[in-house]
Structures are given as structure tokens and as C-alpha cells.
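> Here it is, the structure in full.
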Amino acid sequence: MTVAFFSGKGRRIGVALGAVSAGLLVLSACDKPTPLATVTVGSDSVNTEAACYNDGEAIKESLIQGCLNKKAEKSITVSMDDKVRFGVDPEIAENGWTLFINGQQAEQEPYDKTYRTIPGSAFFASQTGKPAEKTNISIVETKGKKLTGIWQFELKKD
């Protein structure tokens with residue numbers, strides 16, 4: 001009976017190839033992360049992946065309202081005098097994006113830049129005249145009339 005022995009160099013190459021193969025197998029099983037959206041106030045910043053995202057395709061109509069009403073995982077404190085900066089990944093800007101405030105569309109036309117600034121006072125107005133203590137902001141990616149991604153943030157009044 002003959003037994004094949006590999007040299008030390010051969011074993012190292014075999015182990016290295018095995019490790020690379022295992023690594024590629026593990027990576028292929030991972031979900032691709034969604035694009036990020038960021039909100040910055042002063043020197044504080046929070047970012048998040050999408051609350052609802054269908055890999056750039058339209059989100060089903062039946063899911064949209066639930067996504068818009070989903071509780072935000074990230075929050076940031078804003079005073080009335082602050083400037084609130086919104087930033088999105090370039091792939092979101094290419095399609096266009098708009099803001100929803102407390103589940104309601106706040107703008108008619110999508111924005112196509114990666115960055116914009118809005119005064120903090122714009123987010124805390126209320127119907128009763130008393131300023132709201134917190135506001136849910138949704139950054140919504142659009143493709144024509146279709147919604148393709150929704151990112152959630154909570155702005156807390158300082």
C-alpha cells in the first residue's frame with residue numbers, strides 16, 4: 001500500500017485554498033446590505049439600513065403603509081434652531097428620494113442629490129399649535145411612481 005505525503009509547502013497551499021473556498025461559501029450565503037441613509041444634527045449623526053427594501057424593485061402596495069408606520073430604530077435630538085442634514089447613498093439619489101413626515105408625503109417631487117439640509121423647526125409643527133415632541137421621518141426612495149426603499153428615523157425635540 002502506498003501513501004501520498006505532501007510536503008510542508010503543499011499542505012500550506014492546500015489549507016489556504018480550503019480556507020478561501022470556505023470563506024467564499026460563507027459570503028455567498030450572506031444577504032447584500034441595503035444602501036444607507038443618514039441624518040446629521042450638529043456633530044451628532046445616525047445612519048440606518050432600510051426598514052423596507054426589495055433590492056431596488058418596487059415594494060408591494062400592501063406593505064407600504066406598514067413600512068411607513070414602522071417604528072424607527074434610530075433617533076436623534078433636534079432643537080428648533082438646528083439644521084437637519086439628510087444624506088443618502090448615490091444609488092438612492094439616482095432614482096430620487098423624498099421625505100415623509102409621520103407617514104405622510106411631505107414633498108411632491110423627488111430629490112436627486114445625495115445631501116440636503118432642512119431647518120429643525122419644519123419637523124415639529126402640529127395641527128393644535130403646540131409643537132410636537134417627536135416626529136417620525138421616512139426617507140423614501142422612488143422609481144417613477146413606485147416606492148423602492150424606506151428608511152426610518154425619529155427626531156426628538158430638544
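Just so we're on the same page: first chain in the C-alpha cells is A, next is B, and so on; residues restart at 1 for each chain, and ligands are numbered from 1 in the order they show up.
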List the spatial neighbours of Thr135 of chain A as a PDB file with N, CA, C and O atoms, in the first residue's frame - criterion: any atom at most 8 Å away, only C-alpha atoms, same-chain residues fewer than 4 positions off excluded.


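The resulting file, selection.pdb, is reproduced below:
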ATOM      1  N   ILE A 101     -43.306  62.681   6.553  1.00  0.00           N
ATOM      2  CA  ILE A 101     -43.332  63.083   7.957  1.00  0.00           C
ATOM      3  C   ILE A 101     -44.545  62.425   8.599  1.00  0.00           C
ATOM      4  O   ILE A 101     -45.674  62.624   8.142  1.00  0.00           O
ATOM      5  N   ASN A 102     -44.289  61.611   9.631  1.00  0.00           N
ATOM      6  CA  ASN A 102     -45.348  60.859  10.315  1.00  0.00           C
ATOM      7  C   ASN A 102     -46.235  60.095   9.327  1.00  0.00           C
ATOM      8  O   ASN A 102     -47.462  60.095   9.429  1.00  0.00           O
ATOM      9  N   PHE A 123     -39.998  70.329  11.324  1.00  0.00           N
ATOM     10  CA  PHE A 123     -40.434  68.975  11.688  1.00  0.00           C
ATOM     11  C   PHE A 123     -41.303  68.905  12.943  1.00  0.00           C
ATOM     12  O   PHE A 123     -41.763  67.827  13.292  1.00  0.00           O
ATOM     13  N   PHE A 124     -41.530  70.016  13.610  1.00  0.00           N
ATOM     14  CA  PHE A 124     -42.235  69.954  14.885  1.00  0.00           C
ATOM     15  C   PHE A 124     -43.519  70.768  14.925  1.00  0.00           C
ATOM     16  O   PHE A 124     -44.080  70.977  15.988  1.00  0.00           O
ATOM     17  N   GLU A 154     -36.334  58.811  13.908  1.00  0.00           N
ATOM     18  CA  GLU A 154     -37.171  59.576  14.821  1.00  0.00           C
ATOM     19  C   GLU A 154     -36.415  60.825  15.227  1.00  0.00           C
ATOM     20  O   GLU A 154     -35.260  60.738  15.665  1.00  0.00           O
ATOM     21  N   LEU A 155     -37.030  61.982  15.066  1.00  0.00           N
ATOM     22  CA  LEU A 155     -36.447  63.241  15.524  1.00  0.00           C
ATOM     23  C   LEU A 155     -37.114  63.585  16.851  1.00  0.00           C
ATOM     24  O   LEU A 155     -38.345  63.666  16.930  1.00  0.00           O
ATOM     25  N   LYS A 156     -36.304  63.773  17.900  1.00  0.00           N
ATOM     26  CA  LYS A 156     -36.818  64.130  19.222  1.00  0.00           C
ATOM     27  C   LYS A 156     -36.548  65.607  19.456  1.00  0.00           C
ATOM     28  O   LYS A 156     -35.403  66.051  19.305  1.00  0.00           O
TER      29      LYS A 156
END

> Can you tell me which residues surround Tyr115 of chain A at a distance of at most 9 Å, considering only C-alpha atoms, apart from same-chain residues fewer than 5 positions away, and format the answer as a ChimeraX atom specification?

/A:85-88,93

> Got a sec to tell me which of segment 13-154 of chain A DSSP assigns to strand (DSSP E or B), as number ranges by chain?

A: 37-41, 44-48, 52-53, 75-78, 83-88, 97-101, 104-105, 111, 115-119, 134-143, 146-154

> Compare A:Lys134, A:Lys32, A:Lys143, A:Arg116 by their minimum atom-to-atom distance to Met80 of chain A, counting only C-alpha atoms, and give me the closest one.

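Going through A:Lys134, A:Lys32, A:Lys143, A:Arg116 one by one, the smallest distance to Met80 of chain A is for A:Lys134.
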
> Rounded to one decimal, what separation in Å do you get between atom CA of Ile139 of chain A and atom CA of Ala58 of chain A?

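So the answer is 15.0 Å.
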
> Select, from A:Thr117, A:Ala122, A:Ile137, A:Ser75, the residue with the minimum atom-to-atom distance to Gln104 of chain A, counting only C-alpha atoms.

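When distances to Gln104 of chain A are compared using only C-alpha atoms, the smallest one comes from A:Ile137.
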
> I'd like to know which of A:Asp82, A:Asp158, A:Glu91, A:Glu107 is closest to Pro131 of chain A, using only C-alpha atoms.

A:Asp158

> Between A:Ser126, A:Ser79, A:Gln105, A:Thr40, which one has atoms that come closest to Gln65 of chain A, using only C-alpha atoms?

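Closest residue, counting only C-alpha atoms: A:Gln105.
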
> Within 10 Å of Glu57 of chain A, counting only C-alpha atoms, which residues show up once you throw out same-chain ones fewer than 4 positions away? Write them as a PDB file with C-alpha atoms, in the first residue's frame, please.


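Contents of the output file result_27.pdb:
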ATOM      1  CA  TYR A  53     -36.253  47.299   0.694  1.00  0.00           C
ATOM      2  CA  THR A 142     -38.749  56.266  -5.601  1.00  0.00           C
ATOM      3  CA  LYS A 143     -38.501  54.899  -9.107  1.00  0.00           C
ATOM      4  CA  LYS A 146     -43.064  53.141  -7.379  1.00  0.00           C
ATOM      5  CA  LEU A 147     -41.570  53.145  -3.865  1.00  0.00           C
ATOM      6  CA  THR A 148     -38.417  51.014  -3.731  1.00  0.00           C
ATOM      7  CA  GLY A 149     -36.968  51.684  -0.270  1.00  0.00           C
TER       8      GLY A 149
END

> Fewer than 2 positions away in the same chain doesn't count, so skip those; otherwise give me all residues within 10 Å of Leu36 of chain A, counting only C-alpha atoms, as a PyMOL selection string.

chain A and resi 33-34+38+47-50+87-92+151
